[in-house]
Amino acid sequence: VLTATGAFIYFSQKDLYPGEQLDQDPKKKTIVVLGNGWGSTSFLKNLDNEEYNVVVVSPRNYFLFSPLLPSVTVGTLEARSIIQPTRYITRHKKRKCAVYEAEATDIDPVKKTVTFKDASETNETHKEVTIPYDYLVYGVGAENQTFGIKGVKEYGCFLKELKDADRIRRKLLDCLETASFTGQSEEEINRLMHMVVVGGGPTGVEYAGELHDFLIDDLRKWYPEIADKLRITLIEALPNVLPAFSKQLIEYTESTFKTNKIDVMTRTAVKDVGEKSVIVQDANKNTHEIPYGLLVWATGNTARELSRKLMGKLPEHQTNRRGITTDDHLRVAGAPEIFALGDAVAGQYAPTAQVASQQGVWLARTLVKMAQAEKLKEELNQMRATGAEPADVERVVKKLNRVADVPSFNYSHQGSLAYIGSEKAIADVPFFNGSFSSGGVATMLFWRSAYISTLYSLRNRTLVMADWAKVKLFGRDVSR
Ligand code: NAD
């Protein structure tokens, strides 16, 4: 305990009082980093920025540990436990970085400039600024896919940002309180107590699992009169949920959901969304109306407006409508000074946190190598100008060749994990030449420890573990 406390105190000191930093240097190249999600944050964490001026632009000033976001919607975790201010990272870099809470609105790949506007909620003027870049790290992610279905944005809740989780939590509790209100009709209670999740990818499945835990652990305690009326329905257009997982884990998830009384409607697509009901079409092309109290929309991602705008400026190179096309060195096709990573890219990799963070690490190392190569080139020019010994020149040339030889980005899949409720998780982990699938309580412990160790800071790890302990002891907080 003493050691643990000691370690914690040591960490806090360092965290509160970061050391001296070098000033920005106009002679150095400027890297503008757009976004602070998995890709950009991993890049920032791993970059040795001695040779660069770094400017970070993102509409939110923190990194969000998105895999644990479903837990925030029912109060298993507190929102602040899974975020980390970006300034905590930049303040510990060798050279000072500029961080702007702003939304990028335009990129000019010819003039090499980026335009952004202040994302302040209080400042009405929203000042717009254009700055030049030498390299642009494009990690803006993607936005929620609605397939143009009417009513989704208005009545559905997405599960991407912190504000989405907060909105779901408020709506869920509003449904429970309204259903408990005196004199409600049976029909209205049934509607309010029906929670519908659209999309059977990992997001939808994890959300349905968390909701089930909330029902079992807390609803029966705090809302005993209506608890048994809660129904959870997961609607998926394809023949099964979790298409990216192994057959065995799909079956395990579907049977766990059956036991947990989560209705899974496969081969069913939502066609229209109203304020209180959705219209679905089943495999036989018949349509039905399903009343709901809370609607969570988790049907995947699509390219952001900014990405479409950038692609429109490079029409010969950017033809994939799903997102940005890059080469195997993450350079945007048609704009080699822009490196794109994470969900903004439509390529051979799935849009996952794991891919984005590995790309961030690779890019940080690559840009350091590029700076080293520039320095060596300058050194060579000087040596040649001053007539240095051929052996010395040869030595520097060899060094330059070594540094300039940057291997392409290669993704190494470490496995997929998902929490499915009732203290069970599933894992698809590569194992020698095959893959190892497992599901159950032991996997849940593995899921917890894997997520705890991937959390970026000791502060977040402590907060998440404390939240888990708190919920075990006192249950979830149902205040709205
Ligand atoms: P997804 O794209 O994986 O799944 C969306 C699902 O919605 C699809 O199966 C699709 O068939 C279904 N769908 C689309 N339109 C529909 C409609 N109108 N009616 C009914 N169903 C419809 O989306 P996601 O779950 O948000 O995941 C996005 C990415 O993030 C994926 O690459 C995923 O692997 C990753 N992710 C991973 C984890 C994890 O590993 N634990 C968690 C969350 C997200």
# chains A, B, ... in the order shown; residues from 1 in each chain; ligands from 1
$ residues_around --residues "region 18-28 of chain A" --least-positions-apart "6" --cutoff "9 Å" --atoms "only C-alpha atoms" --output "MDAnalysis selection string"
chainID A and resid 50:54 88 91:98
$ write_last_selection --atoms "all heavy atoms" --output "compact mmCIF listing (two decimals), in the first residue's frame"
# COMPACT_ATOMS: atom_id res chain seq x y z
N GLU A 50 11.55 17.50 -30.65
CA GLU A 50 12.66 18.46 -30.58
C GLU A 50 12.86 19.18 -31.91
O GLU A 50 13.17 20.36 -31.95
CB GLU A 50 13.93 17.72 -30.17
CG GLU A 50 15.00 18.69 -29.73
CD GLU A 50 16.20 18.00 -29.11
OE1 GLU A 50 16.10 16.81 -28.74
OE2 GLU A 50 17.24 18.66 -29.00
N GLU A 51 12.66 18.45 -33.02
CA GLU A 51 12.92 19.03 -34.34
C GLU A 51 11.69 19.65 -34.99
O GLU A 51 11.73 20.03 -36.15
CB GLU A 51 13.50 17.95 -35.26
CG GLU A 51 14.88 17.46 -34.85
CD GLU A 51 15.89 18.60 -34.71
OE1 GLU A 51 15.84 19.54 -35.52
OE2 GLU A 51 16.69 18.55 -33.76
N TYR A 52 10.58 19.71 -34.26
CA TYR A 52 9.36 20.23 -34.87
C TYR A 52 8.61 21.20 -33.96
O TYR A 52 8.63 21.05 -32.73
CB TYR A 52 8.39 19.08 -35.18
CG TYR A 52 8.85 18.16 -36.28
CD1 TYR A 52 9.25 16.85 -35.98
CD2 TYR A 52 8.84 18.57 -37.60
CE1 TYR A 52 9.65 15.99 -37.00
CE2 TYR A 52 9.25 17.71 -38.62
CZ TYR A 52 9.65 16.43 -38.30
OH TYR A 52 10.05 15.58 -39.30
N ASN A 53 7.91 22.16 -34.60
CA ASN A 53 6.90 22.93 -33.89
C ASN A 53 5.59 22.20 -34.10
O ASN A 53 5.25 21.87 -35.25
CB ASN A 53 6.78 24.34 -34.48
CG ASN A 53 8.08 25.10 -34.36
OD1 ASN A 53 8.68 25.13 -33.28
ND2 ASN A 53 8.54 25.68 -35.46
N VAL A 54 4.88 21.90 -33.03
CA VAL A 54 3.64 21.13 -33.16
C VAL A 54 2.44 21.99 -32.78
O VAL A 54 2.47 22.70 -31.76
CB VAL A 54 3.68 19.85 -32.28
CG1 VAL A 54 2.34 19.13 -32.30
CG2 VAL A 54 4.79 18.93 -32.75
N TYR A 88 -2.24 17.65 -21.01
CA TYR A 88 -1.41 16.81 -20.13
C TYR A 88 -0.31 16.16 -20.96
O TYR A 88 0.77 15.88 -20.47
CB TYR A 88 -2.26 15.69 -19.49
CG TYR A 88 -3.03 16.09 -18.26
CD1 TYR A 88 -3.36 17.43 -18.01
CD2 TYR A 88 -3.43 15.14 -17.33
CE1 TYR A 88 -4.08 17.78 -16.89
CE2 TYR A 88 -4.16 15.50 -16.20
CZ TYR A 88 -4.48 16.82 -15.99
OH TYR A 88 -5.19 17.17 -14.89
N ARG A 91 2.08 19.16 -22.64
CA ARG A 91 2.87 19.87 -21.61
C ARG A 91 4.11 19.07 -21.20
O ARG A 91 5.03 19.60 -20.60
CB ARG A 91 1.93 20.14 -20.45
CG ARG A 91 2.25 21.25 -19.51
CD ARG A 91 2.62 22.55 -20.13
NE ARG A 91 3.26 23.35 -19.07
CZ ARG A 91 4.53 23.35 -18.81
NH1 ARG A 91 5.37 22.64 -19.54
NH2 ARG A 91 5.01 24.08 -17.81
N HIS A 92 4.10 17.78 -21.51
CA HIS A 92 5.26 16.95 -21.18
C HIS A 92 6.20 16.72 -22.37
O HIS A 92 7.11 15.91 -22.29
CB HIS A 92 4.80 15.59 -20.62
CG HIS A 92 4.27 15.71 -19.22
ND1 HIS A 92 2.93 15.84 -18.95
CD2 HIS A 92 4.89 15.75 -18.03
CE1 HIS A 92 2.75 15.94 -17.65
NE2 HIS A 92 3.93 15.89 -17.06
N LYS A 93 5.94 17.41 -23.47
CA LYS A 93 6.81 17.24 -24.65
C LYS A 93 8.07 18.09 -24.50
O LYS A 93 8.08 19.07 -23.74
CB LYS A 93 6.04 17.67 -25.91
CG LYS A 93 4.88 16.77 -26.26
CD LYS A 93 5.28 15.60 -27.09
CE LYS A 93 5.15 14.30 -26.41
NZ LYS A 93 5.62 13.15 -27.11
N LYS A 94 9.11 17.75 -25.26
CA LYS A 94 10.39 18.48 -25.15
C LYS A 94 10.22 19.95 -25.53
O LYS A 94 10.70 20.85 -24.87
CB LYS A 94 11.42 17.87 -26.10
CG LYS A 94 12.21 16.77 -25.46
CD LYS A 94 13.37 16.39 -26.36
CE LYS A 94 13.92 15.04 -25.96
NZ LYS A 94 14.58 14.37 -27.07
N ARG A 95 9.51 20.17 -26.69
CA ARG A 95 9.32 21.54 -27.16
C ARG A 95 7.86 21.93 -26.99
O ARG A 95 6.97 21.08 -27.11
CB ARG A 95 9.72 21.61 -28.66
CG ARG A 95 9.81 23.00 -29.22
CD ARG A 95 10.31 22.99 -30.67
NE ARG A 95 11.69 22.55 -30.81
CZ ARG A 95 12.75 23.31 -30.52
NH1 ARG A 95 12.59 24.55 -30.09
NH2 ARG A 95 13.97 22.85 -30.68
N LYS A 96 7.62 23.20 -26.70
CA LYS A 96 6.25 23.67 -26.48
C LYS A 96 5.36 23.39 -27.69
O LYS A 96 5.80 23.57 -28.83
CB LYS A 96 6.24 25.19 -26.22
CG LYS A 96 6.70 25.55 -24.84
CD LYS A 96 6.74 27.05 -24.64
CE LYS A 96 7.37 27.36 -23.29
NZ LYS A 96 7.82 28.73 -23.18
N CYS A 97 4.13 22.98 -27.44
CA CYS A 97 3.16 22.74 -28.52
C CYS A 97 2.03 23.75 -28.34
O CYS A 97 1.71 24.14 -27.22
CB CYS A 97 2.54 21.35 -28.40
SG CYS A 97 3.72 20.01 -28.33
N ALA A 98 1.39 24.12 -29.45
CA ALA A 98 0.20 24.96 -29.33
C ALA A 98 -1.01 24.03 -29.41
O ALA A 98 -1.03 23.11 -30.23
CB ALA A 98 0.16 25.97 -30.47
$ closest_atom_pairs --of "chain A" --to "ligand 1" --cutoff "6 Å" --atoms "only C-alpha atoms and all ligand atoms" --output "JSON lines"
{"residue": "A:Pro67", "atom": "CA", "partner": "ligand 1", "partner_atom_place_in_ligand_line": "42 (C)", "distance": 5.7}
{"residue": "A:Val198", "atom": "CA", "partner": "ligand 1", "partner_atom_place_in_ligand_line": "20 (C)", "distance": 5.3}
{"residue": "A:Gly199", "atom": "CA", "partner": "ligand 1", "partner_atom_place_in_ligand_line": "7 (O)", "distance": 3.2}
{"residue": "A:Gly200", "atom": "CA", "partner": "ligand 1", "partner_atom_place_in_ligand_line": "6 (C)", "distance": 4.8}
{"residue": "A:Gly201", "atom": "CA", "partner": "ligand 1", "partner_atom_place_in_ligand_line": "25 (O)", "distance": 3.4}
{"residue": "A:Pro202", "atom": "CA", "partner": "ligand 1", "partner_atom_place_in_ligand_line": "25 (O)", "distance": 4.0}
{"residue": "A:Thr203", "atom": "CA", "partner": "ligand 1", "partner_atom_place_in_ligand_line": "25 (O)", "distance": 3.8}
{"residue": "A:Gly204", "atom": "CA", "partner": "ligand 1", "partner_atom_place_in_ligand_line": "25 (O)", "distance": 5.6}
{"residue": "A:Ile235", "atom": "CA", "partner": "ligand 1", "partner_atom_place_in_ligand_line": "20 (C)", "distance": 5.2}
{"residue": "A:Glu236", "atom": "CA", "partner": "ligand 1", "partner_atom_place_in_ligand_line": "21 (N)", "distance": 3.8}
{"residue": "A:Ala237", "atom": "CA", "partner": "ligand 1", "partner_atom_place_in_ligand_line": "21 (N)", "distance": 4.0}
{"residue": "A:Leu238", "atom": "CA", "partner": "ligand 1", "partner_atom_place_in_ligand_line": "11 (O)", "distance": 5.0}
{"residue": "A:Thr268", "atom": "CA", "partner": "ligand 1", "partner_atom_place_in_ligand_line": "20 (C)", "distance": 5.9}
{"residue": "A:Ala269", "atom": "CA", "partner": "ligand 1", "partner_atom_place_in_ligand_line": "19 (N)", "distance": 3.5}
{"residue": "A:Val270", "atom": "CA", "partner": "ligand 1", "partner_atom_place_in_ligand_line": "19 (N)", "distance": 4.0}
{"residue": "A:Lys271", "atom": "CA", "partner": "ligand 1", "partner_atom_place_in_ligand_line": "18 (N)", "distance": 5.9}
{"residue": "A:Ala298", "atom": "CA", "partner": "ligand 1", "partner_atom_place_in_ligand_line": "26 (O)", "distance": 5.0}
{"residue": "A:Thr299", "atom": "CA", "partner": "ligand 1", "partner_atom_place_in_ligand_line": "7 (O)", "distance": 3.6}
{"residue": "A:Gly300", "atom": "CA", "partner": "ligand 1", "partner_atom_place_in_ligand_line": "23 (O)", "distance": 3.3}
{"residue": "A:Ala350", "atom": "CA", "partner": "ligand 1", "partner_atom_place_in_ligand_line": "32 (O)", "distance": 4.7}
{"residue": "A:Pro351", "atom": "CA", "partner": "ligand 1", "partner_atom_place_in_ligand_line": "32 (O)", "distance": 4.4}
{"residue": "A:Thr352", "atom": "CA", "partner": "ligand 1", "partner_atom_place_in_ligand_line": "35 (C)", "distance": 4.7}
{"residue": "A:Ser416", "atom": "CA", "partner": "ligand 1", "partner_atom_place_in_ligand_line": "40 (O)", "distance": 4.9}
{"residue": "A:Leu417", "atom": "CA", "partner": "ligand 1", "partner_atom_place_in_ligand_line": "41 (N)", "distance": 4.9}
{"residue": "A:Ala418", "atom": "CA", "partner": "ligand 1", "partner_atom_place_in_ligand_line": "41 (N)", "distance": 4.0}
$ write_last_selection --atoms "N, CA, C and O atoms" --output "tab-separated table (two decimals), in the first residue's frame"
chain	number	residue	atom	x	y	z
A	67	PRO	N	-13.51	2.90	-26.01
A	67	PRO	CA	-14.03	1.55	-25.75
A	67	PRO	C	-14.85	1.44	-24.46
A	67	PRO	O	-15.66	0.54	-24.32
A	198	VAL	N	-30.06	-0.06	-32.57
A	198	VAL	CA	-29.97	-0.39	-34.00
A	198	VAL	C	-28.51	-0.57	-34.39
A	198	VAL	O	-27.69	0.33	-34.19
A	199	GLY	N	-28.19	-1.75	-34.95
A	199	GLY	CA	-26.81	-2.05	-35.35
A	199	GLY	C	-26.20	-3.09	-34.42
A	199	GLY	O	-26.06	-2.84	-33.22
A	200	GLY	N	-25.87	-4.25	-34.98
A	200	GLY	CA	-25.32	-5.33	-34.16
A	200	GLY	C	-23.81	-5.46	-34.29
A	200	GLY	O	-23.26	-6.54	-34.16
A	201	GLY	N	-23.12	-4.33	-34.53
A	201	GLY	CA	-21.66	-4.33	-34.48
A	201	GLY	C	-21.23	-4.30	-33.01
A	201	GLY	O	-22.09	-4.35	-32.12
A	202	PRO	N	-19.94	-4.19	-32.73
A	202	PRO	CA	-19.49	-4.17	-31.33
A	202	PRO	C	-20.12	-3.05	-30.49
A	202	PRO	O	-20.42	-3.27	-29.32
A	203	THR	N	-20.37	-1.88	-31.10
A	203	THR	CA	-20.94	-0.77	-30.31
A	203	THR	C	-22.34	-1.14	-29.81
A	203	THR	O	-22.64	-1.00	-28.62
A	204	GLY	N	-23.19	-1.62	-30.73
A	204	GLY	CA	-24.57	-1.96	-30.35
A	204	GLY	C	-24.60	-3.10	-29.35
A	204	GLY	O	-25.35	-3.07	-28.37
A	235	ILE	N	-31.53	-4.57	-33.14
A	235	ILE	CA	-31.95	-4.80	-34.53
A	235	ILE	C	-30.72	-4.77	-35.45
A	235	ILE	O	-29.94	-3.83	-35.42
A	236	GLU	N	-30.57	-5.83	-36.24
A	236	GLU	CA	-29.41	-5.94	-37.13
A	236	GLU	C	-29.87	-6.36	-38.54
A	236	GLU	O	-30.61	-7.33	-38.68
A	237	ALA	N	-29.39	-5.64	-39.54
A	237	ALA	CA	-29.82	-5.92	-40.92
A	237	ALA	C	-29.25	-7.24	-41.46
A	237	ALA	O	-29.88	-7.91	-42.28
A	238	LEU	N	-28.07	-7.63	-40.99
A	238	LEU	CA	-27.40	-8.84	-41.52
A	238	LEU	C	-27.94	-10.11	-40.82
A	238	LEU	O	-28.66	-10.00	-39.83
A	268	THR	N	-33.19	-7.74	-40.20
A	268	THR	CA	-34.23	-6.71	-40.06
A	268	THR	C	-33.56	-5.35	-40.15
A	268	THR	O	-32.60	-5.09	-39.42
A	269	ALA	N	-34.05	-4.52	-41.04
A	269	ALA	CA	-33.43	-3.20	-41.22
A	269	ALA	C	-34.40	-2.09	-40.83
A	269	ALA	O	-35.58	-2.15	-41.19
A	270	VAL	N	-33.89	-1.11	-40.10
A	270	VAL	CA	-34.72	0.05	-39.76
A	270	VAL	C	-34.79	0.94	-40.99
A	270	VAL	O	-33.77	1.27	-41.60
A	271	LYS	N	-35.99	1.31	-41.37
A	271	LYS	CA	-36.19	2.10	-42.59
A	271	LYS	C	-36.59	3.54	-42.30
A	271	LYS	O	-36.38	4.44	-43.11
A	298	ALA	N	-26.42	2.70	-33.71
A	298	ALA	CA	-25.00	2.29	-33.77
A	298	ALA	C	-24.73	1.54	-35.07
A	298	ALA	O	-24.37	0.36	-35.07
A	299	THR	N	-24.94	2.23	-36.20
A	299	THR	CA	-24.79	1.53	-37.49
A	299	THR	C	-23.47	1.87	-38.20
A	299	THR	O	-23.39	1.77	-39.42
A	300	GLY	N	-22.47	2.24	-37.45
A	300	GLY	CA	-21.14	2.44	-38.06
A	300	GLY	C	-20.88	3.89	-38.46
A	300	GLY	O	-21.61	4.80	-38.07
A	350	ALA	N	-9.79	-2.22	-40.67
A	350	ALA	CA	-11.06	-1.85	-40.04
A	350	ALA	C	-10.85	-0.57	-39.22
A	350	ALA	O	-9.73	-0.33	-38.75
A	351	PRO	N	-11.89	0.25	-39.09
A	351	PRO	CA	-11.71	1.50	-38.34
A	351	PRO	C	-11.69	1.25	-36.83
A	351	PRO	O	-12.67	1.49	-36.14
A	352	THR	N	-10.58	0.74	-36.33
A	352	THR	CA	-10.54	0.44	-34.89
A	352	THR	C	-9.47	1.27	-34.17
A	352	THR	O	-8.54	1.78	-34.80
A	416	SER	N	-9.48	-8.99	-30.92
A	416	SER	CA	-10.65	-8.14	-30.68
A	416	SER	C	-11.33	-8.58	-29.39
A	416	SER	O	-11.41	-9.77	-29.09
A	417	LEU	N	-11.82	-7.60	-28.66
A	417	LEU	CA	-12.47	-7.86	-27.38
A	417	LEU	C	-13.80	-7.11	-27.35
A	417	LEU	O	-13.89	-6.01	-27.88
A	418	ALA	N	-14.80	-7.70	-26.73
A	418	ALA	CA	-16.05	-6.95	-26.53
A	418	ALA	C	-16.73	-7.43	-25.26
A	418	ALA	O	-16.73	-8.65	-24.97
$ atom_distance --atom1 "CA of Leu306 (chain A)" --atom2 "CA of Val140 (chain A)"
8.6 Å
$ residues_around --residues "region 146-148 of chain A" --least-positions-apart "3" --cutoff "10 Å" --atoms "only C-alpha atoms" --output "list in words"
Glu143, Gly151, Val152, Lys153, Gly156, Phe158, Lys271, Asp272, Trp297, Ala298, Thr299, Gly300, Asn301 and Thr302 of chain A
$ closest_residue --among "A:Ala442, A:Leu215, A:Ile149, A:Leu473" --to "Ile279 (chain A)" --atoms "only C-alpha atoms"
A:Ile149
$ select_by_dssp --residues "region 279-366 of chain A" --states "strand (DSSP E)" --output "list in words"
Ile279, Val280, Gln281, Thr287, His288, Glu289, Ile290, Pro291, Leu294, Leu295, Val296, Trp297, Asn301, Thr302, Arg331, Val332, Ala335, Pro336, Glu337, Ile338, Phe339 and Ala340 of chain A
$ write_last_selection --atoms "N, CA, C and O atoms" --output "mmCIF file, in the first residue's frame"
data_model
loop_
_atom_site.group_PDB
_atom_site.id
_atom_site.type_symbol
_atom_site.label_atom_id
_atom_site.label_comp_id
_atom_site.auth_asym_id
_atom_site.auth_seq_id
_atom_site.Cartn_x
_atom_site.Cartn_y
_atom_site.Cartn_z
ATOM 1 N N ILE A 279 -39.848 2.166 -37.980
ATOM 2 C CA ILE A 279 -40.442 1.247 -38.958
ATOM 3 C C ILE A 279 -39.322 0.321 -39.420
ATOM 4 O O ILE A 279 -38.255 0.790 -39.836
ATOM 5 N N VAL A 280 -39.547 -0.983 -39.309
ATOM 6 C CA VAL A 280 -38.515 -1.936 -39.742
ATOM 7 C C VAL A 280 -39.039 -2.801 -40.872
ATOM 8 O O VAL A 280 -40.248 -2.999 -41.011
ATOM 9 N N GLN A 281 -38.069 -3.323 -41.659
ATOM 10 C CA GLN A 281 -38.437 -4.239 -42.735
ATOM 11 C C GLN A 281 -37.744 -5.568 -42.464
ATOM 12 O O GLN A 281 -36.528 -5.601 -42.258
ATOM 13 N N THR A 287 -43.159 -4.861 -43.465
ATOM 14 C CA THR A 287 -42.775 -3.777 -42.556
ATOM 15 C C THR A 287 -43.615 -3.822 -41.273
ATOM 16 O O THR A 287 -44.779 -4.235 -41.300
ATOM 17 N N HIS A 288 -42.980 -3.417 -40.157
ATOM 18 C CA HIS A 288 -43.662 -3.368 -38.862
ATOM 19 C C HIS A 288 -43.288 -2.071 -38.185
ATOM 20 O O HIS A 288 -42.224 -1.522 -38.434
ATOM 21 N N GLU A 289 -44.143 -1.679 -37.246
ATOM 22 C CA GLU A 289 -43.838 -0.501 -36.438
ATOM 23 C C GLU A 289 -43.452 -0.980 -35.038
ATOM 24 O O GLU A 289 -44.147 -1.816 -34.461
ATOM 25 N N ILE A 290 -42.334 -0.476 -34.530
ATOM 26 C CA ILE A 290 -41.908 -0.875 -33.175
ATOM 27 C C ILE A 290 -41.822 0.372 -32.288
ATOM 28 O O ILE A 290 -40.968 1.238 -32.512
ATOM 29 N N PRO A 291 -42.696 0.470 -31.276
ATOM 30 C CA PRO A 291 -42.625 1.620 -30.373
ATOM 31 C C PRO A 291 -41.380 1.524 -29.484
ATOM 32 O O PRO A 291 -40.952 0.423 -29.133
ATOM 33 N N LEU A 294 -36.317 4.623 -25.724
ATOM 34 C CA LEU A 294 -34.955 5.100 -26.024
ATOM 35 C C LEU A 294 -34.452 4.389 -27.279
ATOM 36 O O LEU A 294 -34.582 3.170 -27.390
ATOM 37 N N LEU A 295 -33.878 5.170 -28.201
ATOM 38 C CA LEU A 295 -33.354 4.578 -29.439
ATOM 39 C C LEU A 295 -31.861 4.887 -29.542
ATOM 40 O O LEU A 295 -31.467 6.057 -29.595
ATOM 41 N N VAL A 296 -31.044 3.838 -29.536
ATOM 42 C CA VAL A 296 -29.597 4.043 -29.692
ATOM 43 C C VAL A 296 -29.205 3.597 -31.097
ATOM 44 O O VAL A 296 -29.526 2.483 -31.518
ATOM 45 N N TRP A 297 -28.540 4.500 -31.831
ATOM 46 C CA TRP A 297 -28.217 4.262 -33.238
ATOM 47 C C TRP A 297 -26.730 3.953 -33.363
ATOM 48 O O TRP A 297 -25.887 4.820 -33.134
ATOM 49 N N ASN A 301 -19.810 4.061 -39.254
ATOM 50 C CA ASN A 301 -19.289 5.401 -39.546
ATOM 51 C C ASN A 301 -19.304 5.758 -41.020
ATOM 52 O O ASN A 301 -19.329 4.881 -41.878
ATOM 53 N N THR A 302 -19.209 7.055 -41.285
ATOM 54 C CA THR A 302 -19.034 7.535 -42.650
ATOM 55 C C THR A 302 -18.073 8.735 -42.621
ATOM 56 O O THR A 302 -17.796 9.281 -41.555
ATOM 57 N N ARG A 331 0.657 8.466 -46.515
ATOM 58 C CA ARG A 331 0.586 9.752 -47.215
ATOM 59 C C ARG A 331 -0.696 9.802 -48.027
ATOM 60 O O ARG A 331 -1.031 8.843 -48.737
ATOM 61 N N VAL A 332 -1.412 10.938 -47.905
ATOM 62 C CA VAL A 332 -2.670 11.086 -48.628
ATOM 63 C C VAL A 332 -2.390 11.118 -50.124
ATOM 64 O O VAL A 332 -1.528 11.889 -50.588
ATOM 65 N N ALA A 335 -1.563 14.380 -52.063
ATOM 66 C CA ALA A 335 -1.066 15.424 -51.139
ATOM 67 C C ALA A 335 -0.071 14.791 -50.173
ATOM 68 O O ALA A 335 -0.401 14.495 -49.021
ATOM 69 N N PRO A 336 1.165 14.527 -50.641
ATOM 70 C CA PRO A 336 2.100 13.745 -49.832
ATOM 71 C C PRO A 336 2.570 14.396 -48.528
ATOM 72 O O PRO A 336 3.163 13.720 -47.696
ATOM 73 N N GLU A 337 2.281 15.704 -48.345
ATOM 74 C CA GLU A 337 2.658 16.314 -47.050
ATOM 75 C C GLU A 337 1.583 16.082 -45.993
ATOM 76 O O GLU A 337 1.727 16.499 -44.851
ATOM 77 N N ILE A 338 0.470 15.467 -46.412
ATOM 78 C CA ILE A 338 -0.582 15.165 -45.430
ATOM 79 C C ILE A 338 -0.544 13.668 -45.125
ATOM 80 O O ILE A 338 -0.559 12.836 -46.037
ATOM 81 N N PHE A 339 -0.459 13.344 -43.849
ATOM 82 C CA PHE A 339 -0.502 11.946 -43.421
ATOM 83 C C PHE A 339 -1.864 11.715 -42.779
ATOM 84 O O PHE A 339 -2.239 12.461 -41.872
ATOM 85 N N ALA A 340 -2.597 10.711 -43.242
ATOM 86 C CA ALA A 340 -3.915 10.450 -42.653
ATOM 87 C C ALA A 340 -3.883 9.134 -41.895
ATOM 88 O O ALA A 340 -3.226 8.172 -42.318
#
$ closest_residue --among "A:Asp477, A:Leu400, A:Leu363, A:Glu305" --to "Asp328 (chain A)" --atoms "only C-alpha atoms"
A:Leu363
$ closest_residue --among "A:Ala373, A:Leu380, A:Met311, A:Val441" --to "Gly421 (chain A)" --atoms "only C-alpha atoms"
A:Val441
$ residues_around --residues "region 69-77 of chain A" --least-positions-apart "5" --cutoff "7 Å" --atoms "only C-alpha atoms" --output "list in words"
Ala165, Asp166, Ile168, Arg169, Glu206, Tyr207, Glu210, Leu211, Phe214, Val464, Asp467, Trp468, Val471, Arg476 and Asp477 of chain A
$ write_last_selection --atoms "N, CA, C and O atoms" --output "compact mmCIF listing (two decimals), in the first residue's frame"
# COMPACT_ATOMS: atom_id res chain seq x y z
N ALA A 165 -23.10 9.89 -24.64
CA ALA A 165 -23.31 9.00 -23.50
C ALA A 165 -24.16 9.71 -22.45
O ALA A 165 -25.04 9.11 -21.84
N ASP A 166 -23.91 11.00 -22.28
CA ASP A 166 -24.66 11.78 -21.30
C ASP A 166 -26.13 11.87 -21.74
O ASP A 166 -27.05 11.73 -20.93
N ILE A 168 -27.76 9.76 -23.62
CA ILE A 168 -28.41 8.45 -23.43
C ILE A 168 -28.78 8.26 -21.97
O ILE A 168 -29.89 7.84 -21.65
N ARG A 169 -27.85 8.60 -21.08
CA ARG A 169 -28.12 8.40 -19.65
C ARG A 169 -29.34 9.22 -19.21
O ARG A 169 -30.21 8.71 -18.51
N GLU A 206 -22.21 -4.07 -27.20
CA GLU A 206 -21.70 -3.66 -25.88
C GLU A 206 -22.73 -2.80 -25.15
O GLU A 206 -22.92 -2.91 -23.95
N TYR A 207 -23.43 -1.94 -25.92
CA TYR A 207 -24.43 -1.10 -25.26
C TYR A 207 -25.57 -1.95 -24.70
O TYR A 207 -25.99 -1.77 -23.56
N GLU A 210 -24.47 -3.59 -21.47
CA GLU A 210 -24.42 -2.66 -20.32
C GLU A 210 -25.83 -2.39 -19.81
O GLU A 210 -26.07 -2.31 -18.60
N LEU A 211 -26.77 -2.22 -20.75
CA LEU A 211 -28.15 -1.93 -20.37
C LEU A 211 -28.73 -3.09 -19.58
O LEU A 211 -29.44 -2.90 -18.59
N PHE A 214 -27.51 -3.02 -16.05
CA PHE A 214 -28.21 -1.97 -15.30
C PHE A 214 -29.56 -2.49 -14.82
O PHE A 214 -29.96 -2.28 -13.67
N VAL A 464 -11.03 4.64 -13.06
CA VAL A 464 -11.87 3.57 -13.59
C VAL A 464 -11.99 2.43 -12.58
O VAL A 464 -13.09 1.93 -12.32
N ASP A 467 -14.31 3.47 -9.86
CA ASP A 467 -15.72 3.44 -10.30
C ASP A 467 -16.26 2.01 -10.26
O ASP A 467 -17.38 1.77 -9.81
N TRP A 468 -15.47 1.06 -10.75
CA TRP A 468 -15.91 -0.34 -10.74
C TRP A 468 -16.19 -0.79 -9.29
O TRP A 468 -17.19 -1.44 -9.02
N VAL A 471 -19.42 0.87 -7.88
CA VAL A 471 -20.66 0.28 -8.39
C VAL A 471 -20.92 -1.07 -7.71
O VAL A 471 -22.05 -1.41 -7.36
N ARG A 476 -25.33 1.62 -9.09
CA ARG A 476 -25.16 2.79 -9.97
C ARG A 476 -26.01 3.95 -9.48
O ARG A 476 -27.06 3.74 -8.88
N ASP A 477 -25.54 5.14 -9.78
CA ASP A 477 -26.25 6.36 -9.39
C ASP A 477 -27.36 6.61 -10.42
O ASP A 477 -27.08 6.75 -11.61
$ residues_around --residues "Met444 (chain A)" --least-positions-apart "6" --cutoff "9 Å" --atoms "only C-alpha atoms" --output "list in words"
Ala418, Tyr419, Ile420, Glu423, Lys424, Ala425, Ile426 and Ala427 of chain A
$ closest_residue --among "A:Tyr62, A:Val137, A:Ser40, A:Gly439" --to "Ile250 (chain A)" --atoms "only C-alpha atoms"
A:Gly439
